[in-house]
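The file upload35.pdb comes next; it holds PDB, C-alpha atoms.
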```pdb
ATOM      1  CA  MET A1243      36.906  -8.095 -13.540
ATOM      2  CA  ASP A1244      33.873  -6.378 -12.113
ATOM      3  CA  LYS A1245      31.527  -4.902 -14.651
ATOM      4  CA  PHE A1246      31.062  -1.159 -14.733
ATOM      5  CA  THR A1247      27.866   0.302 -13.306
ATOM      6  CA  VAL A1248      25.616   2.572 -15.368
ATOM      7  CA  GLU A1249      26.946   5.564 -13.440
ATOM      8  CA  GLU A1250      30.550   4.542 -14.089
ATOM      9  CA  ILE A1251      29.875   4.090 -17.813
ATOM     10  CA  ASN A1252      28.223   7.511 -17.956
ATOM     11  CA  LEU A1253      31.280   9.097 -16.337
ATOM     12  CA  MET A1254      33.579   7.295 -18.762
ATOM     13  CA  CYS A1255      31.512   8.601 -21.692
ATOM     14  CA  VAL A1256      32.675  12.116 -20.797
ATOM     15  CA  PHE A1257      36.189  10.953 -21.737
ATOM     16  CA  GLU A1258      35.143   8.778 -24.687
ATOM     17  CA  GLY A1259      37.381   8.571 -27.731
ATOM     18  CA  GLN A1260      40.479   7.887 -25.705
ATOM     19  CA  ASP A1261      42.438   4.799 -24.899
ATOM     20  CA  ARG A1262      42.478   3.354 -21.393
ATOM     21  CA  THR A1263      45.675   5.087 -20.275
ATOM     22  CA  GLY A1264      44.498   8.447 -21.629
ATOM     23  CA  MET A1265      41.199   8.091 -19.804
ATOM     24  CA  ILE A1266      43.012   7.234 -16.556
ATOM     25  CA  ALA A1267      45.235  10.308 -16.882
ATOM     26  CA  ASP A1268      42.324  12.622 -17.667
ATOM     27  CA  ILE A1269      40.201  11.361 -14.783
ATOM     28  CA  LYS A1270      43.144  11.829 -12.401
ATOM     29  CA  ASN A1271      43.577  15.390 -13.697
ATOM     30  CA  VAL A1272      39.886  16.207 -13.217
ATOM     31  CA  ILE A1273      39.409  14.785  -9.711
ATOM     32  CA  PRO A1274      40.973  17.785  -7.897
ATOM     33  CA  HIS A1275      38.424  20.044  -9.610
ATOM     34  CA  ILE A1276      35.347  18.013  -8.593
ATOM     35  CA  SER A1277      33.565  19.457  -5.571
ATOM     36  CA  ASP A1278      30.942  16.723  -5.178
ATOM     37  CA  SER A1279      32.213  13.968  -2.882
ATOM     38  CA  ASP A1280      29.983  11.338  -4.503
ATOM     39  CA  MET A1281      31.453  12.155  -7.923
ATOM     40  CA  VAL A1282      34.985  11.950  -6.520
ATOM     41  CA  GLU A1283      34.139   8.513  -5.097
ATOM     42  CA  LEU A1284      32.653   7.428  -8.434
ATOM     43  CA  ALA A1285      35.743   8.637 -10.299
ATOM     44  CA  GLY A1286      37.917   6.682  -7.864
ATOM     45  CA  GLN A1287      35.913   3.516  -8.491
ATOM     46  CA  VAL A1288      36.284   3.969 -12.248
ATOM     47  CA  LEU A1289      40.034   4.537 -11.890
ATOM     48  CA  GLY A1290      40.426   1.368  -9.850
ATOM     49  CA  LYS A1291      38.643  -0.719 -12.456
ATOM     50  CA  LEU A1292      40.462   0.909 -15.387
ATOM     51  CA  GLU A1293      43.851   0.381 -13.747
ATOM     52  CA  ALA A1294      43.040  -3.277 -13.030
ATOM     53  CA  MET A1295      42.054  -4.144 -16.596
ATOM     54  CA  SER A1296      44.077  -4.645 -19.747
ATOM     55  CA  ASP A1297      43.829  -2.570 -22.905
ATOM     56  CA  ALA A1298      42.159  -5.557 -24.597
ATOM     57  CA  GLU A1299      39.503  -5.737 -21.869
ATOM     58  CA  PHE A1300      38.953  -1.978 -22.144
ATOM     59  CA  ALA A1301      38.434  -2.301 -25.896
ATOM     60  CA  GLU A1302      35.471  -4.592 -25.185
ATOM     61  CA  VAL A1303      33.693  -2.098 -22.916
ATOM     62  CA  ALA A1304      30.666  -0.553 -24.625
ATOM     63  CA  LEU A1305      30.778   3.145 -23.838
ATOM     64  CA  GLU A1306      27.175   4.150 -24.440
ATOM     65  CA  ALA A1307      25.612   6.645 -22.069
ATOM     66  CA  ALA A1308      22.386   5.601 -20.405
ATOM     67  CA  GLU A1309      19.625   8.097 -19.899
TER      68      GLU A1309
END
```

Whole structure given in structure tokens:
Amino acid sequence: MDKFTVEEINLMCVFEGQDRTGMIADIKNVIPHISDSDMVELAGQVLGKLEAMSDAEFAEVALEAAE
């Protein structure tokens, strides 16, 4: 499993407090409303990694935004 980049973690922090499947659903719902192509690409990368991991692996991800 590839680690998440700082940018990916920061995006995931927007949806923090959810389980993996909830985060996947919310990101999919938001993508059509994102006008920045780089952000759409980033969201797609996050989705791919989230969908490839288990709930147990997700529970080990430290969701702390970097500044």

Subject >> Surrounding residues of Met1265 (chain A) excluding itself and chain neighbours under 5 positions, 12 Å, all atoms listed in the file, as a PyMOL selection string >> reply: chain A and resi 1253-1260+1270-1272+1285+1288-1289+1291-1293+1297+1300

Original post:
Hey, what's within 8 Å of Val1282 (chain A) if we count only C-alpha atoms and toss same-chain stuff fewer than 5 positions away? As a list in words, please?
Top reply: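 Here the answer would be Ile1273, Ile1276 and Ser1277 of chain A.
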
Enclose all atoms of region 1246-1255 of chain A listed in the file in an axis-aligned box, grow every side by 5 Å, and hand back centre and edge lengths in Å to one decimal, as AutoDock Vina command-line options.
```
--center_x 29.6 --center_y 4.0 --center_z -17.5 --size_x 18.0 --size_y 20.3 --size_z 18.4
```

**OP:** Take the point (36.5, -4.4, -24.8) as written in the file and pick out every residue within 12 Å of it, counting all atoms listed in the file; give the list as a PyMOL selection string.
**Re:** chain A and resi 1243+1245-1246+1261-1262+1292+1295-1305

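Taking CA of Ala1294 (chain A) as the reference point, CA of Ala1267 (chain A) is found at 14.3 Å.
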
Subject >> Å distance separating CA of Val1248 (chain A) from CA of His1275 (chain A), one decimal place >> reply: 22.4 Å

**OP:** Determine the nearest neighbour of Gly1286 (chain A) from the options A:Thr1247, A:Ala1307, A:Thr1263, A:Ile1269, counting all atoms listed in the file.
**Re:**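 Looking at the shortest contact to Gly1286 (chain A), the residue is A:Ile1269.
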
My structure is short of atoms at region 1283-1294 of chain A; please model all heavy atoms there, returning them as a PDB file, in the coordinates of the input.
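Generated file (out.pdb):
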```pdb
ATOM      1  N   GLU A1283      34.159   9.950  -5.412  1.00  0.00           N
ATOM      2  CA  GLU A1283      34.139   8.513  -5.097  1.00  0.00           C
ATOM      3  C   GLU A1283      33.897   7.692  -6.361  1.00  0.00           C
ATOM      4  O   GLU A1283      34.560   6.675  -6.589  1.00  0.00           O
ATOM      5  CB  GLU A1283      33.062   8.221  -4.062  1.00  0.00           C
ATOM      6  CG  GLU A1283      33.008   6.769  -3.646  1.00  0.00           C
ATOM      7  CD  GLU A1283      31.928   6.484  -2.607  1.00  0.00           C
ATOM      8  OE1 GLU A1283      31.446   7.421  -1.951  1.00  0.00           O
ATOM      9  OE2 GLU A1283      31.562   5.307  -2.459  1.00  0.00           O
ATOM     10  N   LEU A1284      32.957   8.125  -7.181  1.00  0.00           N
ATOM     11  CA  LEU A1284      32.653   7.428  -8.434  1.00  0.00           C
ATOM     12  C   LEU A1284      33.877   7.417  -9.350  1.00  0.00           C
ATOM     13  O   LEU A1284      34.233   6.380  -9.916  1.00  0.00           O
ATOM     14  CB  LEU A1284      31.470   8.096  -9.138  1.00  0.00           C
ATOM     15  CG  LEU A1284      31.031   7.474 -10.461  1.00  0.00           C
ATOM     16  CD1 LEU A1284      30.499   6.064 -10.247  1.00  0.00           C
ATOM     17  CD2 LEU A1284      29.977   8.350 -11.128  1.00  0.00           C
ATOM     18  N   ALA A1285      34.541   8.557  -9.461  1.00  0.00           N
ATOM     19  CA  ALA A1285      35.743   8.637 -10.299  1.00  0.00           C
ATOM     20  C   ALA A1285      36.823   7.697  -9.772  1.00  0.00           C
ATOM     21  O   ALA A1285      37.526   7.040 -10.551  1.00  0.00           O
ATOM     22  CB  ALA A1285      36.257  10.078 -10.346  1.00  0.00           C
ATOM     23  N   GLY A1286      36.948   7.598  -8.463  1.00  0.00           N
ATOM     24  CA  GLY A1286      37.917   6.682  -7.864  1.00  0.00           C
ATOM     25  C   GLY A1286      37.606   5.227  -8.174  1.00  0.00           C
ATOM     26  O   GLY A1286      38.508   4.428  -8.438  1.00  0.00           O
ATOM     27  N   GLN A1287      36.322   4.889  -8.156  1.00  0.00           N
ATOM     28  CA  GLN A1287      35.913   3.516  -8.491  1.00  0.00           C
ATOM     29  C   GLN A1287      36.258   3.205  -9.944  1.00  0.00           C
ATOM     30  O   GLN A1287      36.766   2.119 -10.252  1.00  0.00           O
ATOM     31  CB  GLN A1287      34.409   3.348  -8.279  1.00  0.00           C
ATOM     32  CG  GLN A1287      33.975   3.396  -6.840  1.00  0.00           C
ATOM     33  CD  GLN A1287      32.459   3.483  -6.681  1.00  0.00           C
ATOM     34  OE1 GLN A1287      31.721   3.611  -7.653  1.00  0.00           O
ATOM     35  NE2 GLN A1287      31.999   3.435  -5.450  1.00  0.00           N
ATOM     36  N   VAL A1288      35.982   4.160 -10.831  1.00  0.00           N
ATOM     37  CA  VAL A1288      36.284   3.969 -12.248  1.00  0.00           C
ATOM     38  C   VAL A1288      37.796   3.802 -12.434  1.00  0.00           C
ATOM     39  O   VAL A1288      38.241   2.908 -13.154  1.00  0.00           O
ATOM     40  CB  VAL A1288      35.749   5.147 -13.097  1.00  0.00           C
ATOM     41  CG1 VAL A1288      36.265   5.077 -14.525  1.00  0.00           C
ATOM     42  CG2 VAL A1288      34.227   5.157 -13.083  1.00  0.00           C
ATOM     43  N   LEU A1289      38.575   4.645 -11.778  1.00  0.00           N
ATOM     44  CA  LEU A1289      40.034   4.537 -11.890  1.00  0.00           C
ATOM     45  C   LEU A1289      40.526   3.159 -11.455  1.00  0.00           C
ATOM     46  O   LEU A1289      41.370   2.563 -12.123  1.00  0.00           O
ATOM     47  CB  LEU A1289      40.722   5.607 -11.033  1.00  0.00           C
ATOM     48  CG  LEU A1289      40.809   6.993 -11.622  1.00  0.00           C
ATOM     49  CD1 LEU A1289      41.419   7.950 -10.603  1.00  0.00           C
ATOM     50  CD2 LEU A1289      41.612   6.999 -12.910  1.00  0.00           C
ATOM     51  N   GLY A1290      40.007   2.679 -10.343  1.00  0.00           N
ATOM     52  CA  GLY A1290      40.426   1.368  -9.850  1.00  0.00           C
ATOM     53  C   GLY A1290      40.162   0.268 -10.860  1.00  0.00           C
ATOM     54  O   GLY A1290      41.014  -0.595 -11.101  1.00  0.00           O
ATOM     55  N   LYS A1291      38.997   0.305 -11.467  1.00  0.00           N
ATOM     56  CA  LYS A1291      38.643  -0.719 -12.456  1.00  0.00           C
ATOM     57  C   LYS A1291      39.466  -0.564 -13.729  1.00  0.00           C
ATOM     58  O   LYS A1291      39.926  -1.553 -14.310  1.00  0.00           O
ATOM     59  CB  LYS A1291      37.150  -0.658 -12.776  1.00  0.00           C
ATOM     60  CG  LYS A1291      36.293  -1.116 -11.607  1.00  0.00           C
ATOM     61  CD  LYS A1291      34.821  -1.047 -11.927  1.00  0.00           C
ATOM     62  CE  LYS A1291      33.970  -1.487 -10.741  1.00  0.00           C
ATOM     63  NZ  LYS A1291      32.542  -1.502 -11.053  1.00  0.00           N
ATOM     64  N   LEU A1292      39.667   0.680 -14.174  1.00  0.00           N
ATOM     65  CA  LEU A1292      40.462   0.909 -15.387  1.00  0.00           C
ATOM     66  C   LEU A1292      41.911   0.458 -15.193  1.00  0.00           C
ATOM     67  O   LEU A1292      42.515  -0.121 -16.090  1.00  0.00           O
ATOM     68  CB  LEU A1292      40.432   2.391 -15.781  1.00  0.00           C
ATOM     69  CG  LEU A1292      39.136   2.916 -16.369  1.00  0.00           C
ATOM     70  CD1 LEU A1292      39.213   4.439 -16.527  1.00  0.00           C
ATOM     71  CD2 LEU A1292      38.827   2.255 -17.700  1.00  0.00           C
ATOM     72  N   GLU A1293      42.465   0.751 -14.024  1.00  0.00           N
ATOM     73  CA  GLU A1293      43.851   0.381 -13.747  1.00  0.00           C
ATOM     74  C   GLU A1293      44.028  -1.126 -13.606  1.00  0.00           C
ATOM     75  O   GLU A1293      45.106  -1.653 -13.853  1.00  0.00           O
ATOM     76  CB  GLU A1293      44.354   1.119 -12.501  1.00  0.00           C
ATOM     77  CG  GLU A1293      44.525   2.613 -12.753  1.00  0.00           C
ATOM     78  CD  GLU A1293      44.838   3.421 -11.505  1.00  0.00           C
ATOM     79  OE1 GLU A1293      44.525   2.961 -10.379  1.00  0.00           O
ATOM     80  OE2 GLU A1293      45.385   4.523 -11.662  1.00  0.00           O
ATOM     81  N   ALA A1294      42.959  -1.829 -13.236  1.00  0.00           N
ATOM     82  CA  ALA A1294      43.040  -3.277 -13.030  1.00  0.00           C
ATOM     83  C   ALA A1294      42.822  -4.074 -14.316  1.00  0.00           C
ATOM     84  O   ALA A1294      43.078  -5.271 -14.339  1.00  0.00           O
ATOM     85  CB  ALA A1294      42.014  -3.708 -11.978  1.00  0.00           C
TER      86      ALA A1294
END
```
